[in-house]
Structures are given as C-alpha cells and as structure tokens.
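So this block is protein09.txt, compact mmCIF, C-alpha atoms and all ligand atoms:
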```
# COMPACT_ATOMS: atom_id res chain seq x y z
CA MET A 1 -18.28 -67.58 3.70
CA LEU A 2 -19.68 -66.95 7.16
CA LEU A 3 -18.04 -68.90 9.96
CA HIS A 4 -18.96 -69.33 13.63
CA ILE A 5 -15.90 -69.87 15.88
CA PRO A 6 -17.12 -71.05 19.30
CA GLY A 7 -15.53 -70.81 22.75
CA LEU A 8 -12.54 -68.48 22.23
CA PHE A 9 -12.95 -67.38 25.85
CA ALA A 10 -14.39 -69.13 28.90
CA LYS A 11 -17.42 -67.75 30.76
CA ASP A 12 -15.38 -66.47 33.74
CA GLU A 13 -12.95 -64.69 31.41
CA MET A 14 -15.90 -63.06 29.67
CA GLN A 15 -17.30 -61.90 32.99
CA ARG A 16 -14.00 -60.23 33.94
CA ILE A 17 -13.78 -58.50 30.55
CA ARG A 18 -17.39 -57.26 30.82
CA GLN A 19 -16.78 -55.89 34.32
CA ALA A 20 -13.73 -53.96 33.09
CA LEU A 21 -15.66 -52.64 30.08
CA GLU A 22 -18.61 -51.53 32.23
CA GLN A 23 -16.28 -49.22 34.15
CA ALA A 24 -14.47 -47.80 31.10
CA ASP A 25 -14.82 -44.31 29.62
CA TRP A 26 -16.70 -44.70 26.36
CA ALA A 27 -16.66 -42.37 23.37
CA ASP A 28 -19.03 -41.86 20.41
CA GLY A 29 -18.59 -44.69 17.88
CA LYS A 30 -18.44 -42.22 14.98
CA ILE A 31 -14.71 -41.71 15.73
CA THR A 32 -13.68 -44.61 13.50
CA ALA A 33 -16.53 -44.45 10.98
CA GLY A 34 -16.10 -43.17 7.43
CA PHE A 35 -17.97 -40.01 6.36
CA GLN A 36 -21.02 -41.90 5.06
CA SER A 37 -21.24 -44.63 7.67
CA ALA A 38 -21.00 -42.04 10.48
CA LYS A 39 -24.59 -41.13 9.61
CA ALA A 40 -25.71 -44.73 10.15
CA LYS A 41 -23.70 -45.42 13.30
CA HIS A 42 -25.14 -44.92 16.79
CA ASN A 43 -23.06 -46.70 19.41
CA LEU A 44 -20.21 -46.30 21.87
CA GLN A 45 -16.60 -47.26 21.36
CA LEU A 46 -13.35 -47.25 23.30
CA PRO A 47 -10.94 -44.80 21.62
CA GLU A 48 -8.26 -46.45 19.43
CA GLY A 49 -5.20 -47.15 21.55
CA HIS A 50 -7.17 -47.14 24.84
CA PRO A 51 -5.17 -49.28 27.33
CA LEU A 52 -8.11 -51.59 28.03
CA ALA A 53 -8.81 -52.07 24.31
CA LYS A 54 -5.13 -52.88 23.78
CA GLU A 55 -5.11 -55.40 26.64
CA ILE A 56 -8.27 -57.22 25.54
CA GLY A 57 -7.20 -57.03 21.88
CA ALA A 58 -3.84 -58.64 22.64
CA ALA A 59 -5.55 -61.48 24.55
CA MET A 60 -7.93 -62.03 21.61
CA LEU A 61 -5.14 -62.20 19.03
CA GLU A 62 -3.20 -64.64 21.18
CA ARG A 63 -6.23 -66.96 21.26
CA LEU A 64 -6.96 -66.54 17.57
CA TRP A 65 -3.42 -67.33 16.47
CA LYS A 66 -3.74 -70.70 18.28
CA ASN A 67 -7.22 -71.40 16.90
CA PRO A 68 -7.12 -73.91 14.01
CA LEU A 69 -10.54 -72.83 12.64
CA PHE A 70 -9.54 -69.16 12.46
CA MET A 71 -6.11 -69.92 10.98
CA SER A 72 -7.56 -72.26 8.35
CA ALA A 73 -10.47 -69.99 7.35
CA ALA A 74 -8.81 -66.57 7.54
CA LEU A 75 -5.24 -67.43 6.48
CA PRO A 76 -4.28 -64.20 8.25
CA HIS A 77 -1.51 -61.93 7.00
CA LYS A 78 -2.10 -58.98 9.33
CA VAL A 79 -4.81 -57.69 11.60
CA PHE A 80 -6.18 -54.27 12.47
CA PRO A 81 -6.01 -54.10 16.31
CA PRO A 82 -9.42 -55.11 17.78
CA LEU A 83 -11.78 -52.29 18.76
CA MET A 84 -14.35 -52.53 21.58
CA ASN A 85 -17.91 -51.32 21.25
CA CYS A 86 -21.12 -51.09 23.22
CA TYR A 87 -24.69 -50.83 21.97
CA THR A 88 -27.27 -49.72 24.51
CA ALA A 89 -30.34 -47.47 24.88
CA GLY A 90 -31.60 -48.02 21.30
CA GLY A 91 -28.12 -47.88 19.76
CA SER A 92 -27.78 -49.40 16.28
CA PHE A 93 -25.65 -49.34 13.13
CA ASP A 94 -27.59 -49.31 9.85
CA PHE A 95 -26.56 -51.21 6.68
CA HIS A 96 -23.07 -50.37 5.44
CA ILE A 97 -19.92 -51.88 3.95
CA ASP A 98 -16.71 -51.35 5.93
CA ASN A 99 -13.92 -49.21 4.46
CA ALA A 100 -11.61 -51.28 2.25
CA VAL A 101 -8.35 -50.10 3.83
CA ARG A 102 -7.60 -49.19 7.45
CA GLN A 103 -4.56 -47.60 8.99
CA PRO A 104 -4.10 -48.20 12.71
CA LYS A 105 -3.41 -44.99 14.65
CA GLY A 106 0.33 -44.28 14.88
CA SER A 107 1.20 -47.03 12.38
CA ILE A 108 2.57 -46.68 8.84
CA GLU A 109 1.18 -50.08 7.85
CA ARG A 110 -2.23 -50.31 6.26
CA VAL A 111 -4.60 -53.28 6.46
CA ARG A 112 -6.88 -54.37 3.62
CA THR A 113 -10.15 -55.48 5.23
CA ASP A 114 -10.65 -58.88 3.55
CA LEU A 115 -12.44 -60.30 6.62
CA SER A 116 -14.54 -58.75 9.36
CA ALA A 117 -15.00 -60.38 12.75
CA THR A 118 -17.20 -59.78 15.78
CA LEU A 119 -16.49 -61.40 19.15
CA PHE A 120 -19.48 -61.29 21.48
CA PHE A 121 -18.79 -60.36 25.12
CA SER A 122 -22.42 -60.24 26.35
CA GLU A 123 -24.74 -63.23 26.74
CA PRO A 124 -27.71 -63.15 24.30
CA GLU A 125 -30.23 -63.13 27.17
CA ASP A 126 -28.69 -59.98 28.68
CA TYR A 127 -29.99 -57.72 25.90
CA ASP A 128 -32.84 -57.46 23.40
CA GLY A 129 -32.09 -56.82 19.71
CA GLY A 130 -28.45 -56.25 18.77
CA GLU A 131 -28.36 -59.02 16.12
CA LEU A 132 -25.61 -58.66 13.54
CA GLU A 133 -27.33 -59.02 10.16
CA ILE A 134 -25.08 -60.00 7.29
CA GLN A 135 -26.17 -60.25 3.66
CA ASP A 136 -24.38 -63.09 1.92
CA THR A 137 -24.96 -65.18 -1.18
CA TYR A 138 -27.53 -67.33 0.66
CA GLY A 139 -29.59 -64.38 1.94
CA THR A 140 -29.55 -62.47 5.20
CA GLN A 141 -27.96 -64.17 8.21
CA ARG A 142 -28.89 -63.01 11.71
CA VAL A 143 -26.09 -63.56 14.21
CA LYS A 144 -26.37 -63.32 17.99
CA LEU A 145 -23.85 -65.59 19.69
CA PRO A 146 -23.03 -66.65 23.26
CA ALA A 147 -20.34 -64.65 25.08
CA GLY A 148 -16.88 -65.86 24.01
CA ASP A 149 -17.97 -66.86 20.48
CA MET A 150 -16.95 -65.11 17.27
CA VAL A 151 -18.31 -64.73 13.77
CA LEU A 152 -16.02 -64.27 10.77
CA TYR A 153 -17.43 -62.95 7.46
CA PRO A 154 -16.20 -61.39 4.20
CA GLY A 155 -15.37 -57.68 4.41
CA THR A 156 -17.24 -57.23 1.15
CA SER A 157 -20.64 -57.95 2.73
CA LEU A 158 -23.35 -55.47 3.56
CA HIS A 159 -24.15 -55.68 7.27
CA LYS A 160 -25.85 -53.92 10.16
CA VAL A 161 -26.45 -54.16 13.90
CA ASN A 162 -30.08 -54.01 15.03
CA ALA A 163 -31.10 -51.59 17.78
CA VAL A 164 -30.49 -52.78 21.34
CA THR A 165 -33.74 -52.05 23.14
CA ARG A 166 -32.89 -53.57 26.55
CA GLY A 167 -29.58 -54.07 28.37
CA ALA A 168 -26.17 -53.61 26.78
CA ARG A 169 -24.31 -55.49 24.07
CA TYR A 170 -20.54 -55.45 24.52
CA ALA A 171 -18.43 -56.79 21.69
CA SER A 172 -15.14 -56.49 19.89
CA PHE A 173 -14.68 -56.17 16.15
CA PHE A 174 -11.61 -56.22 13.94
CA TRP A 175 -10.43 -56.73 10.39
CA THR A 176 -7.98 -59.19 8.91
CA GLN A 177 -5.95 -58.90 5.76
CA SER A 178 -5.70 -62.44 4.45
CA LEU A 179 -2.86 -64.07 2.54
CA VAL A 180 -5.63 -64.90 0.03
CA ARG A 181 -7.70 -61.90 -1.04
CA GLU A 182 -10.67 -63.67 -2.68
CA ASP A 183 -13.37 -65.11 -0.44
CA SER A 184 -14.19 -67.91 -2.92
CA GLN A 185 -10.56 -69.07 -2.98
CA ARG A 186 -10.29 -68.96 0.82
CA ALA A 187 -13.53 -70.95 1.09
CA LEU A 188 -12.16 -73.65 -1.22
CA LEU A 189 -8.87 -73.91 0.72
CA PHE A 190 -10.78 -74.05 4.02
CA GLU A 191 -12.96 -76.90 2.74
CA MET A 192 -9.96 -78.81 1.46
CA ASP A 193 -7.98 -78.29 4.66
CA GLY A 194 -10.92 -79.57 6.72
CA ALA A 195 -11.17 -82.73 4.59
CA ILE A 196 -7.40 -83.34 4.86
CA GLN A 197 -7.54 -82.91 8.67
CA GLN A 198 -10.39 -85.43 8.86
CA LEU A 199 -8.56 -87.97 6.69
CA THR A 200 -5.40 -87.49 8.78
CA GLN A 201 -7.42 -88.68 11.77
CA ASP A 202 -9.32 -91.49 10.07
CA VAL A 203 -6.72 -92.99 7.69
CA PRO A 204 -3.40 -91.45 8.83
CA ASP A 205 -1.21 -93.77 6.76
CA HIS A 206 -2.99 -93.46 3.43
CA PRO A 207 -0.36 -92.51 0.80
CA SER A 208 -2.76 -90.15 -1.03
CA LEU A 209 -2.73 -87.84 1.98
CA ILE A 210 0.71 -86.59 1.00
CA ARG A 211 -0.49 -85.84 -2.54
CA LEU A 212 -3.63 -84.10 -1.29
CA THR A 213 -1.67 -82.00 1.19
CA GLY A 214 0.76 -81.13 -1.58
CA THR A 215 -2.11 -80.05 -3.81
CA TYR A 216 -3.43 -77.81 -1.00
CA HIS A 217 -0.07 -76.07 -0.76
CA ASN A 218 0.29 -75.76 -4.51
CA LEU A 219 -3.14 -74.08 -4.71
CA LEU A 220 -2.20 -71.80 -1.80
CA ARG A 221 1.07 -70.91 -3.55
CA ARG A 222 -0.86 -69.84 -6.68
CA TRP A 223 -3.12 -67.50 -4.72
CA VAL A 224 -1.05 -66.26 -1.81
CA GLU A 225 0.04 -62.60 -1.56
CA VAL A 226 2.72 -61.67 0.95
NI NI B 1 -19.24 -52.61 9.87
```
The structure given in the file should be rewritten as structure tokens.
Amino acid sequence: MLLHIPGLFAKDEMQRIRQALEQADWADGKITAGFQSAKAKHNLQLPEGHPLAKEIGAAMLERLWKNPLFMSAALPHKVFPPLMNCYTAGGSFDFHIDNAVRQPKGSIERVRTDLSATLFFSEPEDYDGGELEIQDTYGTQRVKLPAGDMVLYPGTSLHKVNAVTRGARYASFFWTQSLVREDSQRALLFEMDGAIQQLTQDVPDHPSLIRLTGTYHNLLRRWVEV
C-alpha cells in the first residue's frame, strides 16, 4: 500500500528547514548504502548523527506520532532515525530494494524496514526530475509531492529517484518497523480503522460500532509482534 500523508509541516517551517539544510556540510550518500546499492546511488546526505539531522528528525517523529493517518497505516513499533538527503546536479538513485535490517549508529537495537517513507522539503517547481518511482502491485507510481508532504510505502518495493536536472531536491527518508510485518495485513487493518472512524462520526451511538472495534483489535492481536 502506498499512502500520501499531506501537510506534516507548514510552508514557513519548510522554508526554515531548507535554509538550514542549504548551509549544512553534506557528505556522499554512499555512506549508508549497502555494497550493491552504493553503485546505483549518486546523491548527498547528512552524516548519521549530524546535529541538524537529529533536530529535524526529532521534529518529524513528534509530528508523525500525533498523525492519525501515519499511526493507523504504519502501526509503528520503532523507527530508524530520519536521514536527510539532497539530489542536485544530475544526482539520482537507480532501482534498488532497501536493506531489510538497519542498525542506527551507536545503538544496539536493530530496525526491520517494513515501511519506507520520504518527506519532501523542496517544492516541486523548484527542481526538475527527482520523482520517486515506486513499483507496486498496480504498476509504477511516480511521486513528487509538495514541501511538507510525505509518502509511505512498503519496504519490500523496488524504487528509484530520477535524476535532478535543475535545482535541488531536499528530503528526508526513514524506515519503520511495524507492529504488523505483512503489508497486506496492515492494509486491511488500515481500511477497517478508516471505516470505523467514519462510522464513529456518522452514527456514533450505533451498537455495532463496539463489535466492529472489538473485531479490529482481535485481528490486530492475532498479527501483532512486540
Ligand atoms: Ni531506497
């Protein structure tokens, strides 16, 4: 399931973040790539643990933990701290699948990459190219979102970033280990949760709502891993 989460940050917040990123010291993006994907990856990245990456990452996680769409779709267990990247001057990242397990620098905990996410910091009109292309069951999806918007997609999908031929594309990406490993099961729970939320608004006193909500939790209990 591919999900667009709009408006995590306001336009003025995005502008401040971009200004800070424009002045940062960038490193070669190959630093966090696996052996094979290093060959496909041509971009810039803030080193893991960079103070600015930590600051922006913390702000992102604070927003995400309050975002009902993210919570309902990702059912997050733990997150790999967000990384910041920049594509410019023809930079691109050819088709690859992300490593299955990630260990944050200086941490003993590992994160299984059930879900990948990209939060766009640059406005689409400020650069040419730079679309995130994701292959899913319905074909290839091309994603290029307004600044402050995020896309969430299964970590199992083949994806790439097209070359940026004008301007610069600033973004953040991170991985989430979900309480529910399987994408199909998460998709079903997300659909059911959405329907329950809608019914709670439209017919709040209907007695079947309690049974439906109970069924949601009983399904979750079958599939959850903690
Ligand atoms: Ni990737």
What does the list of residues within 12 Å of ligand NI 1 (chain B) look like if you count all atoms listed in the file, written as number ranges by chain? A: 29-30, 32-34, 36-38, 40-43, 83, 85, 92-100, 113, 115-118, 132-134, 153-161, 172-175
Exercise on stretch 170-184 of chain A, axis-aligned box with 4 Å per side, report centre and edge lengths in Å to one decimal, as AutoDock Vina command-line options:
```
--center_x -11.7 --center_y -61.7 --center_z 10.8 --size_x 25.7 --size_y 20.5 --size_z 35.4
```
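Residue nearest A:Leu21 within the list A:Ala58, A:Ala163, A:Ile196, A:Leu52: A:Leu52 [criterion: smallest interatomic distance, only C-alpha atoms].
We find atom CA of A:Glu131 and atom CA of A:Leu44 to be spaced 16.2 Å apart.
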How close does stretch 56-167 of chain A get to stretch 13-16 of chain A? List, as a Markdown table, each residue of stretch 56-167 of chain A within 10 Å, its nearest atom pair and the distance in Å to one decimal, counting all atoms listed in the file.
```
| residue | atom | partner | partner_atom | distance |
| --- | --- | --- | --- | --- |
| A:Phe120 | CA | A:Met14 | CA | 9.1 |
| A:Phe121 | CA | A:Met14 | CA | 6.0 |
| A:Ser122 | CA | A:Met14 | CA | 7.8 |
| A:Glu123 | CA | A:Met14 | CA | 9.3 |
| A:Ala147 | CA | A:Met14 | CA | 6.6 |
| A:Gly148 | CA | A:Met14 | CA | 6.4 |
```
Go ahead and write the residues just picked, C-alpha atoms, as a compact mmCIF listing (two decimals), keeping the file's coordinate frame.
```txt
# COMPACT_ATOMS: atom_id res chain seq x y z
CA PHE A 120 -19.48 -61.29 21.48
CA PHE A 121 -18.79 -60.36 25.12
CA SER A 122 -22.42 -60.24 26.35
CA GLU A 123 -24.74 -63.23 26.74
CA ALA A 147 -20.34 -64.65 25.08
CA GLY A 148 -16.88 -65.86 24.01
```
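Of the listed residues A:Gly167, A:Gly49, A:Gly214, A:Gly129, the one whose atoms come nearest to A:Thr88 is A:Gly167, with distances taken using only C-alpha atoms.
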Show me a table, sorted first by chain and then by increasing residue number, of the residues of stretch 118-200 of chain A having an atom at most 10 Å from stretch 219-222 of chain A, each with its shortest atom pair and the distance in Å to one decimal, counting only C-alpha atoms and written as JSON lines.
```
{"residue": "A:Leu179", "atom": "CA", "partner": "A:Leu220", "partner_atom": "CA", "distance": 8.9}
{"residue": "A:Val180", "atom": "CA", "partner": "A:Leu220", "partner_atom": "CA", "distance": 7.9}
{"residue": "A:Gln185", "atom": "CA", "partner": "A:Leu220", "partner_atom": "CA", "distance": 8.9}
{"residue": "A:Arg186", "atom": "CA", "partner": "A:Leu220", "partner_atom": "CA", "distance": 9.0}
{"residue": "A:Leu188", "atom": "CA", "partner": "A:Leu219", "partner_atom": "CA", "distance": 9.7}
{"residue": "A:Leu189", "atom": "CA", "partner": "A:Leu220", "partner_atom": "CA", "distance": 7.4}
```
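Every protein or nucleic acid residue with an atom no more than 12 Å from A:Phe70, counting all atoms listed in the file and leaving out same-chain residues fewer than 4 positions away, appears here: Leu2, Leu3, His4, Ile5, Pro6, Leu8, Met60, Leu61, Glu62, Arg63, Leu64, Trp65, Lys66, Ala74, Leu75, Pro76, Leu115, Ser116, Ala117, Asp149, Met150, Val151, Leu152, Tyr153, Thr176, Ser178, Arg186, Phe190 and Gly194 of chain A.
For the pair atom CA of A:Val111 and atom CA of A:His77, the interatomic distance is 9.2 Å.
Residue nearest A:Asn67, chosen from A:Glu182, A:Gly7, A:Ala187, A:Thr165 and counting all atoms listed in the file: A:Gly7.
When only C-alpha atoms are used to compute distances to A:Glu22, the closest of the residues A:Arg169, A:Phe80, A:His50, A:Gly90 turns out to be A:Arg169.
Computed from the coordinates, the atom CA of A:His206 to atom CA of A:Glu191 distance equals 19.3 Å.
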